[in-house]
Amino acid sequence: MDMVQTEKLVFEYEKRDEEGNVTGTSRAIDEVDIEVKEGQFIAILGHNGSGKSTLAKHINAILVPTEGTMWVNGRNTSQPEELWNVRQSAGMVFQNPDNQIIGTVVEEDVGFGPENLGVPTDEIWQRVEDSLKAVGMIEYRHHSPNKLSGGQKQRVAIAGVVAMEPKCIVLDEPTAMLDPVGRKEVLKTVQKLREQKQVTVILITHYMEEVVDADKIYVMDHGHVVMEGTPGEIFSRVDELKSYRLDVPQVTLLADELRKRGLQIPAGILRKEELVEVLCQLS
Amino acid sequence: MIRDITIGQYYPAKSIVHRLDPRVKLVSTLLYLISLFLFKSISGYLIATLFLIGVIGVSRVPFSFIVRGLKPVIMLLMITVLFNLFLTRSGEVLFHAWIFTITEGGLVTAVYMAVRLIYLIIGSSLMTFTTTPNELTDGIEALLYPLNKVRVPVHEVAMMMSIALRFIPILLEETDKIMKAQIARGADFESGNMIQRAKSMIPILVPLFVSAFRRANDLAMAMEARCYRGGEGRTKMKPLRYRSRDFLAYLTMAVYVVLVVVIGRNVPLHVWIF
């Protein structure tokens, strides 16, 4: 069984007028099929309003499908009795670092998840220490989260999820509110976690630079999955990406422009080093 | 201005009082506050003073820091003293001019009232100086736990308190930002009378409330995503456990209360004055 799998997933918001009467519905997600295997790094790209965050909230059963099904770790999220199992197997990191830290001390916040799961006290301490080490925040364990930078707060939030020992971590635009330094910090942390703990990572973002290492990319627009494939495949379709209002990484853009002018450059270049190598081999 | 208020602040230090179980501190503070009203004679005040000085000494919170905490309540203190001074009529008249009369009884009550109030404030702020907000909420939760049986949502209330504490600095910062944004657009918060000033707060309060609700919504979602489902089946990372020093503190407190009640009530005033 796959880690996360959806089948014709549909989610509808109810539109209401000022008196609160339902006037109609709008589809935030429309017949989406995705498949995530254990240990994969999956990226979901999309512009604002593409339905990517709504999809993320389904993985954690914060929202349940209007139609279709979503399986997380083999459990159907629509069944209320599976709710806590689903939430434990798929942890979620949100966009705003301030609004997801509950504790007034870093270590207490990381302990919040395990506390809710009913983990014995000694093990909570062990897990807190391990996860703070995993995100490189152990020296801040007694600090107040208010005094940390955005990137550090986000790493604490990630530690809070890691402490619950989920099989899959969903990051819903974790870098959208951060400065470039914080963004790098968070991505490096995610990368490290993947290597150390072999967790499945689903990264939702609209920064294309963040997804070059992904095993597979889904591009969403207006509630549909419009493109899927490896980063190489996706980034070779520059014009299509632009039509979904996504910014292609500058290197890819440059390579694409050069290729259009007749240079012998393959499509789907993702990193600076790759382009340098290709350019050096041109005669 | 908000920064000047030391009441309710935590003063980090390494003392035995800081290390005590928050439940001990809560119960002791409550007992001390009640004890202040259980005696009438100077002997009682003497014991209460000595006890307070002793605790301050052990707590290692600087005296100046404690005194600063009295500042915001000076007005209240003055009003109480003045009312007691002029409105209590008993005993010999010491001073009389126009409608103002000071009697011996009034003077004594005024002084006693002032001392009681000051001790009340010092006593309770000493608790917050030596206890982190988190410990405090834990302590309150543990002490009020029996109320769970009569369907008081003790855990939920404690959780709300600690979340409120976490968000105070965030909302303060946000207020500051909104204020600056409004000043940049020409808002004026400084001039005008009380009513005008109060009115000029509206463009701050409305966005602040909107954002607070949005934050609350986000936070609720984040808590649910981390499997929060109320107090049931929840374990604690830092459970409260009584240690020997806590029992010692309870004992000290009991001795103090007995002393204050027995001596303070039975050894009369004039024995000490004359």
# chains A, B, ... in the order shown; residues from 1 in each chain; ligands from 1

call {"tool": "interface_residues", "arguments": {"of": "chain B", "to": "chain A", "cutoff": "6 Å", "atoms": "only C-alpha atoms", "output": "MDAnalysis selection string"}}
result
chainID B and resid 166 215 218:219 222 226:228 233:237

call {"tool": "write_last_selection", "arguments": {"atoms": "N, CA, C and O atoms", "output": "JSON list (two decimals), in the first residue's frame"}}
result
[["chain", "number", "residue", "atom", "x", "y", "z"],
["B", 166, "ARG", "N", 1.36, 32.68, 25.94],
["B", 166, "ARG", "CA", 2.25, 32.55, 24.80],
["B", 166, "ARG", "C", 1.99, 33.66, 23.79],
["B", 166, "ARG", "O", 2.90, 34.12, 23.12],
["B", 215, "ARG", "N", -5.31, 34.15, 13.87],
["B", 215, "ARG", "CA", -4.30, 33.37, 14.58],
["B", 215, "ARG", "C", -4.94, 32.23, 15.35],
["B", 215, "ARG", "O", -4.45, 31.10, 15.34],
["B", 218, "ASP", "N", -5.80, 29.46, 13.03],
["B", 218, "ASP", "CA", -4.59, 28.73, 12.62],
["B", 218, "ASP", "C", -4.09, 27.82, 13.73],
["B", 218, "ASP", "O", -3.74, 26.67, 13.51],
["B", 219, "LEU", "N", -4.06, 28.39, 14.94],
["B", 219, "LEU", "CA", -3.51, 27.65, 16.07],
["B", 219, "LEU", "C", -4.37, 26.42, 16.36],
["B", 219, "LEU", "O", -3.85, 25.33, 16.62],
["B", 222, "ALA", "N", -3.47, 23.85, 13.94],
["B", 222, "ALA", "CA", -2.15, 23.26, 14.22],
["B", 222, "ALA", "C", -2.23, 22.31, 15.41],
["B", 222, "ALA", "O", -1.59, 21.26, 15.43],
["B", 226, "ARG", "N", -1.72, 18.15, 15.49],
["B", 226, "ARG", "CA", -0.79, 17.44, 16.36],
["B", 226, "ARG", "C", -1.56, 16.60, 17.38],
["B", 226, "ARG", "O", -1.09, 16.36, 18.49],
["B", 227, "CYS", "N", -2.72, 16.15, 16.96],
["B", 227, "CYS", "CA", -3.49, 15.17, 17.73],
["B", 227, "CYS", "C", -4.01, 15.69, 19.07],
["B", 227, "CYS", "O", -4.24, 14.89, 19.98],
["B", 228, "TYR", "N", -4.19, 16.98, 19.23],
["B", 228, "TYR", "CA", -4.75, 17.47, 20.48],
["B", 228, "TYR", "C", -6.24, 17.13, 20.53],
["B", 228, "TYR", "O", -6.97, 17.41, 19.59],
["B", 233, "GLY", "N", -6.57, 11.14, 28.24],
["B", 233, "GLY", "CA", -5.54, 10.28, 27.65],
["B", 233, "GLY", "C", -4.24, 11.00, 27.38],
["B", 233, "GLY", "O", -3.37, 10.50, 26.70],
["B", 234, "ARG", "N", -4.10, 12.21, 27.94],
["B", 234, "ARG", "CA", -2.91, 12.99, 27.70],
["B", 234, "ARG", "C", -1.88, 12.69, 28.78],
["B", 234, "ARG", "O", -2.24, 12.58, 29.96],
["B", 235, "THR", "N", -0.62, 12.55, 28.40],
["B", 235, "THR", "CA", 0.41, 12.41, 29.42],
["B", 235, "THR", "C", 1.11, 13.75, 29.56],
["B", 235, "THR", "O", 0.89, 14.65, 28.77],
["B", 236, "LYS", "N", 1.97, 13.85, 30.56],
["B", 236, "LYS", "CA", 2.64, 15.13, 30.78],
["B", 236, "LYS", "C", 4.14, 14.98, 30.60],
["B", 236, "LYS", "O", 4.74, 14.01, 31.03],
["B", 237, "MET", "N", 4.71, 15.99, 29.96],
["B", 237, "MET", "CA", 6.16, 15.99, 29.80],
["B", 237, "MET", "C", 6.81, 16.35, 31.13],
["B", 237, "MET", "O", 7.83, 15.83, 31.49]]

call {"tool": "select_by_dssp", "arguments": {"residues": "region 147-251 of chain B", "states": "alpha helix (DSSP H)", "output": "VMD selection string"}}
result
chain B and resid 154 to 184 194 to 200 202 to 225 244 to 251

call {"tool": "atom_distance", "arguments": {"atom1": "CA of Glu38 (chain A)", "atom2": "CA of Thr200 (chain A)"}}
result
5.7 Å

call {"tool": "atom_distance", "arguments": {"atom1": "CA of Gly123 (chain B)", "atom2": "CA of Val58 (chain B)"}}
result
13.5 Å

call {"tool": "atom_distance", "arguments": {"atom1": "CA of Leu203 (chain A)", "atom2": "CA of Ser243 (chain A)"}}
result
21.6 Å

call {"tool": "residues_around", "arguments": {"residues": "Ile263 (chain B)", "least_positions_apart": "6", "cutoff": "10 Å", "atoms": "only C-alpha atoms", "output": "list in words"}}
result
Phe39, Ser41, Ile42, Ser43, Gly44, Ile47 and Val257 of chain B

call {"tool": "write_last_selection", "arguments": {"atoms": "C-alpha atoms", "output": "mmCIF file, in the first residue's frame"}}
result
data_model
loop_
_atom_site.group_PDB
_atom_site.id
_atom_site.type_symbol
_atom_site.label_atom_id
_atom_site.label_comp_id
_atom_site.auth_asym_id
_atom_site.auth_seq_id
_atom_site.Cartn_x
_atom_site.Cartn_y
_atom_site.Cartn_z
ATOM 1 C CA PHE B 39 -5.213 39.199 63.378
ATOM 2 C CA SER B 41 -2.677 43.335 67.024
ATOM 3 C CA ILE B 42 0.805 44.596 66.337
ATOM 4 C CA SER B 43 2.246 41.244 67.336
ATOM 5 C CA GLY B 44 0.477 39.695 64.356
ATOM 6 C CA ILE B 47 5.150 38.006 62.665
ATOM 7 C CA VAL B 257 -0.355 30.436 60.284
#

call {"tool": "residues_around", "arguments": {"residues": "Leu282 (chain A)", "least_positions_apart": "4", "cutoff": "10 Å", "atoms": "only C-alpha atoms", "output": "PDB file with all heavy atoms, in the first residue's frame"}}
result
ATOM      1  N   LEU A 263      21.369  26.993 -29.382  1.00  0.00           N
ATOM      2  CA  LEU A 263      22.491  26.297 -28.749  1.00  0.00           C
ATOM      3  C   LEU A 263      22.083  24.864 -28.433  1.00  0.00           C
ATOM      4  O   LEU A 263      20.927  24.569 -28.174  1.00  0.00           O
ATOM      5  CB  LEU A 263      22.911  27.012 -27.454  1.00  0.00           C
ATOM      6  CG  LEU A 263      23.724  28.292 -27.612  1.00  0.00           C
ATOM      7  CD1 LEU A 263      24.005  28.887 -26.245  1.00  0.00           C
ATOM      8  CD2 LEU A 263      25.022  28.035 -28.355  1.00  0.00           C
ATOM      9  N   GLN A 264      23.083  23.993 -28.441  1.00  0.00           N
ATOM     10  CA  GLN A 264      22.815  22.575 -28.218  1.00  0.00           C
ATOM     11  C   GLN A 264      22.738  22.276 -26.715  1.00  0.00           C
ATOM     12  O   GLN A 264      23.654  21.720 -26.142  1.00  0.00           O
ATOM     13  CB  GLN A 264      23.922  21.736 -28.851  1.00  0.00           C
ATOM     14  CG  GLN A 264      24.006  21.875 -30.351  1.00  0.00           C
ATOM     15  CD  GLN A 264      23.183  20.807 -31.036  1.00  0.00           C
ATOM     16  OE1 GLN A 264      23.322  19.632 -30.727  1.00  0.00           O
ATOM     17  NE2 GLN A 264      22.316  21.189 -31.966  1.00  0.00           N
ATOM     18  N   ILE A 265      21.641  22.656 -26.105  1.00  0.00           N
ATOM     19  CA  ILE A 265      21.498  22.422 -24.673  1.00  0.00           C
ATOM     20  C   ILE A 265      20.261  21.562 -24.446  1.00  0.00           C
ATOM     21  O   ILE A 265      19.196  21.845 -24.990  1.00  0.00           O
ATOM     22  CB  ILE A 265      21.353  23.764 -23.924  1.00  0.00           C
ATOM     23  CG1 ILE A 265      22.670  24.553 -24.020  1.00  0.00           C
ATOM     24  CG2 ILE A 265      20.981  23.542 -22.468  1.00  0.00           C
ATOM     25  CD1 ILE A 265      22.580  25.930 -23.451  1.00  0.00           C
ATOM     26  N   GLU A 277      28.492  22.797 -16.887  1.00  0.00           N
ATOM     27  CA  GLU A 277      29.089  21.645 -17.541  1.00  0.00           C
ATOM     28  C   GLU A 277      28.681  21.567 -19.012  1.00  0.00           C
ATOM     29  O   GLU A 277      29.517  21.375 -19.899  1.00  0.00           O
ATOM     30  CB  GLU A 277      28.652  20.375 -16.805  1.00  0.00           C
ATOM     31  CG  GLU A 277      29.637  19.234 -16.954  1.00  0.00           C
ATOM     32  CD  GLU A 277      29.390  18.188 -15.896  1.00  0.00           C
ATOM     33  OE1 GLU A 277      29.602  18.494 -14.700  1.00  0.00           O
ATOM     34  OE2 GLU A 277      28.934  17.094 -16.261  1.00  0.00           O
ATOM     35  N   VAL A 278      27.386  21.742 -19.236  1.00  0.00           N
ATOM     36  CA  VAL A 278      26.881  21.669 -20.607  1.00  0.00           C
ATOM     37  C   VAL A 278      27.514  22.758 -21.473  1.00  0.00           C
ATOM     38  O   VAL A 278      27.950  22.514 -22.597  1.00  0.00           O
ATOM     39  CB  VAL A 278      25.344  21.801 -20.624  1.00  0.00           C
ATOM     40  CG1 VAL A 278      24.835  21.959 -22.043  1.00  0.00           C
ATOM     41  CG2 VAL A 278      24.708  20.588 -19.973  1.00  0.00           C
TER      42      VAL A 278
END

call {"tool": "select_by_dssp", "arguments": {"residues": "region 170-251 of chain A", "states": "strand (DSSP E)", "output": "PDB file with N, CA, C and O atoms, in the first residue's frame"}}
result
ATOM      1  N   VAL A 170       4.043  16.415   6.022  1.00  0.00           N
ATOM      2  CA  VAL A 170       3.506  17.308   5.005  1.00  0.00           C
ATOM      3  C   VAL A 170       3.906  18.725   5.386  1.00  0.00           C
ATOM      4  O   VAL A 170       3.626  19.180   6.497  1.00  0.00           O
ATOM      5  N   LEU A 171       4.591  19.415   4.489  1.00  0.00           N
ATOM      6  CA  LEU A 171       4.987  20.794   4.767  1.00  0.00           C
ATOM      7  C   LEU A 171       4.200  21.709   3.843  1.00  0.00           C
ATOM      8  O   LEU A 171       4.388  21.690   2.633  1.00  0.00           O
ATOM      9  N   ASP A 172       3.302  22.492   4.452  1.00  0.00           N
ATOM     10  CA  ASP A 172       2.432  23.356   3.664  1.00  0.00           C
ATOM     11  C   ASP A 172       3.057  24.753   3.576  1.00  0.00           C
ATOM     12  O   ASP A 172       2.930  25.551   4.485  1.00  0.00           O
ATOM     13  N   THR A 200       8.775   9.974   4.596  1.00  0.00           N
ATOM     14  CA  THR A 200       8.212  10.460   3.353  1.00  0.00           C
ATOM     15  C   THR A 200       7.967  11.962   3.531  1.00  0.00           C
ATOM     16  O   THR A 200       7.471  12.380   4.570  1.00  0.00           O
ATOM     17  N   VAL A 201       8.347  12.755   2.555  1.00  0.00           N
ATOM     18  CA  VAL A 201       8.136  14.198   2.672  1.00  0.00           C
ATOM     19  C   VAL A 201       7.275  14.681   1.523  1.00  0.00           C
ATOM     20  O   VAL A 201       7.516  14.343   0.360  1.00  0.00           O
ATOM     21  N   ILE A 202       6.225  15.419   1.870  1.00  0.00           N
ATOM     22  CA  ILE A 202       5.412  16.052   0.842  1.00  0.00           C
ATOM     23  C   ILE A 202       5.541  17.553   1.033  1.00  0.00           C
ATOM     24  O   ILE A 202       5.123  18.099   2.052  1.00  0.00           O
ATOM     25  N   LEU A 203       6.181  18.209   0.092  1.00  0.00           N
ATOM     26  CA  LEU A 203       6.448  19.638   0.214  1.00  0.00           C
ATOM     27  C   LEU A 203       5.513  20.401  -0.713  1.00  0.00           C
ATOM     28  O   LEU A 203       5.482  20.151  -1.923  1.00  0.00           O
ATOM     29  N   ILE A 204       4.762  21.312  -0.115  1.00  0.00           N
ATOM     30  CA  ILE A 204       3.860  22.129  -0.914  1.00  0.00           C
ATOM     31  C   ILE A 204       4.437  23.524  -0.985  1.00  0.00           C
ATOM     32  O   ILE A 204       4.784  24.112   0.039  1.00  0.00           O
ATOM     33  N   THR A 205       4.583  24.051  -2.165  1.00  0.00           N
ATOM     34  CA  THR A 205       5.290  25.327  -2.292  1.00  0.00           C
ATOM     35  C   THR A 205       4.974  25.976  -3.635  1.00  0.00           C
ATOM     36  O   THR A 205       4.368  25.361  -4.510  1.00  0.00           O
ATOM     37  N   LYS A 216       9.342  13.315  -7.375  1.00  0.00           N
ATOM     38  CA  LYS A 216       8.241  13.498  -8.303  1.00  0.00           C
ATOM     39  C   LYS A 216       7.562  14.822  -7.992  1.00  0.00           C
ATOM     40  O   LYS A 216       7.489  15.229  -6.827  1.00  0.00           O
ATOM     41  N   ILE A 217       7.086  15.485  -9.028  1.00  0.00           N
ATOM     42  CA  ILE A 217       6.429  16.778  -8.840  1.00  0.00           C
ATOM     43  C   ILE A 217       5.018  16.719  -9.397  1.00  0.00           C
ATOM     44  O   ILE A 217       4.785  16.166 -10.479  1.00  0.00           O
ATOM     45  N   TYR A 218       4.088  17.245  -8.640  1.00  0.00           N
ATOM     46  CA  TYR A 218       2.738  17.461  -9.169  1.00  0.00           C
ATOM     47  C   TYR A 218       2.529  18.960  -9.292  1.00  0.00           C
ATOM     48  O   TYR A 218       2.816  19.709  -8.364  1.00  0.00           O
ATOM     49  N   VAL A 219       2.042  19.411 -10.426  1.00  0.00           N
ATOM     50  CA  VAL A 219       1.718  20.818 -10.582  1.00  0.00           C
ATOM     51  C   VAL A 219       0.201  20.949 -10.584  1.00  0.00           C
ATOM     52  O   VAL A 219      -0.493  20.227 -11.309  1.00  0.00           O
ATOM     53  N   MET A 220      -0.294  21.831  -9.727  1.00  0.00           N
ATOM     54  CA  MET A 220      -1.750  21.992  -9.636  1.00  0.00           C
ATOM     55  C   MET A 220      -2.177  23.357 -10.135  1.00  0.00           C
ATOM     56  O   MET A 220      -1.459  24.346  -9.988  1.00  0.00           O
ATOM     57  N   ASP A 221      -3.354  23.401 -10.727  1.00  0.00           N
ATOM     58  CA  ASP A 221      -3.938  24.662 -11.153  1.00  0.00           C
ATOM     59  C   ASP A 221      -5.452  24.522 -11.119  1.00  0.00           C
ATOM     60  O   ASP A 221      -5.993  23.549 -11.657  1.00  0.00           O
ATOM     61  N   HIS A 224      -7.010  21.136 -10.307  1.00  0.00           N
ATOM     62  CA  HIS A 224      -6.636  19.952 -11.088  1.00  0.00           C
ATOM     63  C   HIS A 224      -5.134  19.711 -11.002  1.00  0.00           C
ATOM     64  O   HIS A 224      -4.374  20.670 -10.869  1.00  0.00           O
ATOM     65  N   VAL A 225      -4.745  18.438 -11.129  1.00  0.00           N
ATOM     66  CA  VAL A 225      -3.331  18.164 -11.331  1.00  0.00           C
ATOM     67  C   VAL A 225      -3.083  18.309 -12.829  1.00  0.00           C
ATOM     68  O   VAL A 225      -3.659  17.587 -13.634  1.00  0.00           O
ATOM     69  N   VAL A 226      -2.264  19.312 -13.202  1.00  0.00           N
ATOM     70  CA  VAL A 226      -2.083  19.585 -14.625  1.00  0.00           C
ATOM     71  C   VAL A 226      -0.790  19.021 -15.188  1.00  0.00           C
ATOM     72  O   VAL A 226      -0.667  18.812 -16.382  1.00  0.00           O
ATOM     73  N   MET A 227       0.186  18.798 -14.321  1.00  0.00           N
ATOM     74  CA  MET A 227       1.440  18.210 -14.785  1.00  0.00           C
ATOM     75  C   MET A 227       1.936  17.268 -13.711  1.00  0.00           C
ATOM     76  O   MET A 227       1.751  17.520 -12.527  1.00  0.00           O
ATOM     77  N   GLU A 228       2.554  16.186 -14.086  1.00  0.00           N
ATOM     78  CA  GLU A 228       3.252  15.368 -13.104  1.00  0.00           C
ATOM     79  C   GLU A 228       4.453  14.691 -13.733  1.00  0.00           C
ATOM     80  O   GLU A 228       4.447  14.389 -14.927  1.00  0.00           O
ATOM     81  N   GLY A 229       5.468  14.513 -12.929  1.00  0.00           N
ATOM     82  CA  GLY A 229       6.685  13.897 -13.455  1.00  0.00           C
ATOM     83  C   GLY A 229       7.887  14.234 -12.608  1.00  0.00           C
ATOM     84  O   GLY A 229       7.762  14.863 -11.558  1.00  0.00           O
TER      85      GLY A 229
END

call {"tool": "residues_around", "arguments": {"residues": "Gly232 (chain A)", "least_positions_apart": "3", "cutoff": "8 Å", "atoms": "only C-alpha atoms", "output": "list in words"}}
result
Gly229, Phe235, Ser236, Ala267, Gly268, Ile269 and Leu270 of chain A

call {"tool": "write_last_selection", "arguments": {"atoms": "C-alpha atoms", "output": "tab-separated table (two decimals), in the first residue's frame"}}
result
chain	number	residue	atom	x	y	z
A	229	GLY	CA	6.68	13.90	-13.45
A	235	PHE	CA	11.20	21.84	-15.94
A	236	SER	CA	11.73	21.04	-19.57
A	267	ALA	CA	15.87	20.53	-21.83
A	268	GLY	CA	15.22	20.36	-18.11
A	269	ILE	CA	18.41	21.79	-16.62
A	270	LEU	CA	17.88	22.33	-12.90

call {"tool": "residues_around", "arguments": {"residues": "Leu126 (chain B)", "least_positions_apart": "2", "cutoff": "10 Å", "atoms": "only C-alpha atoms", "output": "ChimeraX atom specification"}}
result
/B:7-11,17,25,29,52,55-56,59,61,66,69,120-124,128-131

call {"tool": "closest_residue", "arguments": {"among": "B:Lys180, B:Phe167, B:Ala187, B:Thr132", "to": "Ser211 (chain B)", "atoms": "only C-alpha atoms"}}
result
B:Phe167

call {"tool": "decode", "arguments": {"residues": "region 41-50 of chain A", "atoms": "all heavy atoms", "output": "PDB file, in the first residue's frame"}}
result
ATOM      1  N   PHE A  41      10.229  11.766  -1.802  1.00  0.00           N
ATOM      2  CA  PHE A  41      10.149  13.210  -1.598  1.00  0.00           C
ATOM      3  C   PHE A  41       9.293  13.756  -2.732  1.00  0.00           C
ATOM      4  O   PHE A  41       9.692  13.742  -3.889  1.00  0.00           O
ATOM      5  CB  PHE A  41      11.557  13.812  -1.606  1.00  0.00           C
ATOM      6  CG  PHE A  41      11.594  15.313  -1.527  1.00  0.00           C
ATOM      7  CD1 PHE A  41      10.543  16.038  -0.971  1.00  0.00           C
ATOM      8  CD2 PHE A  41      12.703  16.019  -1.981  1.00  0.00           C
ATOM      9  CE1 PHE A  41      10.589  17.423  -0.880  1.00  0.00           C
ATOM     10  CE2 PHE A  41      12.762  17.402  -1.904  1.00  0.00           C
ATOM     11  CZ  PHE A  41      11.702  18.091  -1.354  1.00  0.00           C
ATOM     12  N   ILE A  42       8.088  14.175  -2.367  1.00  0.00           N
ATOM     13  CA  ILE A  42       7.126  14.600  -3.372  1.00  0.00           C
ATOM     14  C   ILE A  42       6.910  16.104  -3.236  1.00  0.00           C
ATOM     15  O   ILE A  42       6.820  16.617  -2.119  1.00  0.00           O
ATOM     16  CB  ILE A  42       5.776  13.881  -3.148  1.00  0.00           C
ATOM     17  CG1 ILE A  42       5.947  12.371  -3.277  1.00  0.00           C
ATOM     18  CG2 ILE A  42       4.704  14.397  -4.098  1.00  0.00           C
ATOM     19  CD1 ILE A  42       6.314  11.907  -4.654  1.00  0.00           C
ATOM     20  N   ALA A  43       6.841  16.801  -4.324  1.00  0.00           N
ATOM     21  CA  ALA A  43       6.556  18.230  -4.272  1.00  0.00           C
ATOM     22  C   ALA A  43       5.247  18.514  -4.975  1.00  0.00           C
ATOM     23  O   ALA A  43       4.958  17.915  -6.011  1.00  0.00           O
ATOM     24  CB  ALA A  43       7.687  19.006  -4.934  1.00  0.00           C
ATOM     25  N   ILE A  44       4.460  19.386  -4.383  1.00  0.00           N
ATOM     26  CA  ILE A  44       3.235  19.821  -5.044  1.00  0.00           C
ATOM     27  C   ILE A  44       3.371  21.320  -5.284  1.00  0.00           C
ATOM     28  O   ILE A  44       3.508  22.102  -4.351  1.00  0.00           O
ATOM     29  CB  ILE A  44       1.996  19.505  -4.197  1.00  0.00           C
ATOM     30  CG1 ILE A  44       1.909  17.987  -3.971  1.00  0.00           C
ATOM     31  CG2 ILE A  44       0.734  20.026  -4.889  1.00  0.00           C
ATOM     32  CD1 ILE A  44       0.783  17.557  -3.078  1.00  0.00           C
ATOM     33  N   LEU A  45       3.380  21.688  -6.546  1.00  0.00           N
ATOM     34  CA  LEU A  45       3.571  23.081  -6.928  1.00  0.00           C
ATOM     35  C   LEU A  45       2.243  23.675  -7.361  1.00  0.00           C
ATOM     36  O   LEU A  45       1.381  22.979  -7.876  1.00  0.00           O
ATOM     37  CB  LEU A  45       4.536  23.168  -8.099  1.00  0.00           C
ATOM     38  CG  LEU A  45       6.025  23.043  -7.832  1.00  0.00           C
ATOM     39  CD1 LEU A  45       6.751  22.924  -9.155  1.00  0.00           C
ATOM     40  CD2 LEU A  45       6.522  24.252  -7.074  1.00  0.00           C
ATOM     41  N   GLY A  46       2.136  24.956  -7.167  1.00  0.00           N
ATOM     42  CA  GLY A  46       0.935  25.596  -7.655  1.00  0.00           C
ATOM     43  C   GLY A  46       0.896  27.039  -7.215  1.00  0.00           C
ATOM     44  O   GLY A  46       1.498  27.412  -6.213  1.00  0.00           O
ATOM     45  N   HIS A  47       0.196  27.846  -7.975  1.00  0.00           N
ATOM     46  CA  HIS A  47       0.055  29.250  -7.633  1.00  0.00           C
ATOM     47  C   HIS A  47      -1.018  29.397  -6.568  1.00  0.00           C
ATOM     48  O   HIS A  47      -1.696  28.422  -6.234  1.00  0.00           O
ATOM     49  CB  HIS A  47      -0.318  30.042  -8.896  1.00  0.00           C
ATOM     50  CG  HIS A  47       0.087  31.472  -8.806  1.00  0.00           C
ATOM     51  ND1 HIS A  47      -0.798  32.449  -8.482  1.00  0.00           N
ATOM     52  CD2 HIS A  47       1.289  32.070  -8.973  1.00  0.00           C
ATOM     53  CE1 HIS A  47      -0.153  33.613  -8.458  1.00  0.00           C
ATOM     54  NE2 HIS A  47       1.116  33.404  -8.745  1.00  0.00           N
ATOM     55  N   ASN A  48      -1.189  30.629  -6.022  1.00  0.00           N
ATOM     56  CA  ASN A  48      -2.247  30.844  -5.035  1.00  0.00           C
ATOM     57  C   ASN A  48      -3.595  30.419  -5.609  1.00  0.00           C
ATOM     58  O   ASN A  48      -3.907  30.711  -6.750  1.00  0.00           O
ATOM     59  CB  ASN A  48      -2.323  32.333  -4.660  1.00  0.00           C
ATOM     60  CG  ASN A  48      -1.103  32.759  -3.876  1.00  0.00           C
ATOM     61  OD1 ASN A  48      -0.407  31.919  -3.320  1.00  0.00           O
ATOM     62  ND2 ASN A  48      -0.847  34.043  -3.847  1.00  0.00           N
ATOM     63  N   GLY A  49      -4.380  29.730  -4.792  1.00  0.00           N
ATOM     64  CA  GLY A  49      -5.709  29.343  -5.232  1.00  0.00           C
ATOM     65  C   GLY A  49      -5.728  28.134  -6.144  1.00  0.00           C
ATOM     66  O   GLY A  49      -6.735  27.834  -6.761  1.00  0.00           O
ATOM     67  N   SER A  50      -4.596  27.411  -6.198  1.00  0.00           N
ATOM     68  CA  SER A  50      -4.580  26.250  -7.078  1.00  0.00           C
ATOM     69  C   SER A  50      -5.131  25.010  -6.380  1.00  0.00           C
ATOM     70  O   SER A  50      -5.338  23.980  -7.009  1.00  0.00           O
ATOM     71  CB  SER A  50      -3.142  25.972  -7.531  1.00  0.00           C
ATOM     72  OG  SER A  50      -2.342  25.701  -6.399  1.00  0.00           O
TER      73      SER A  50
END
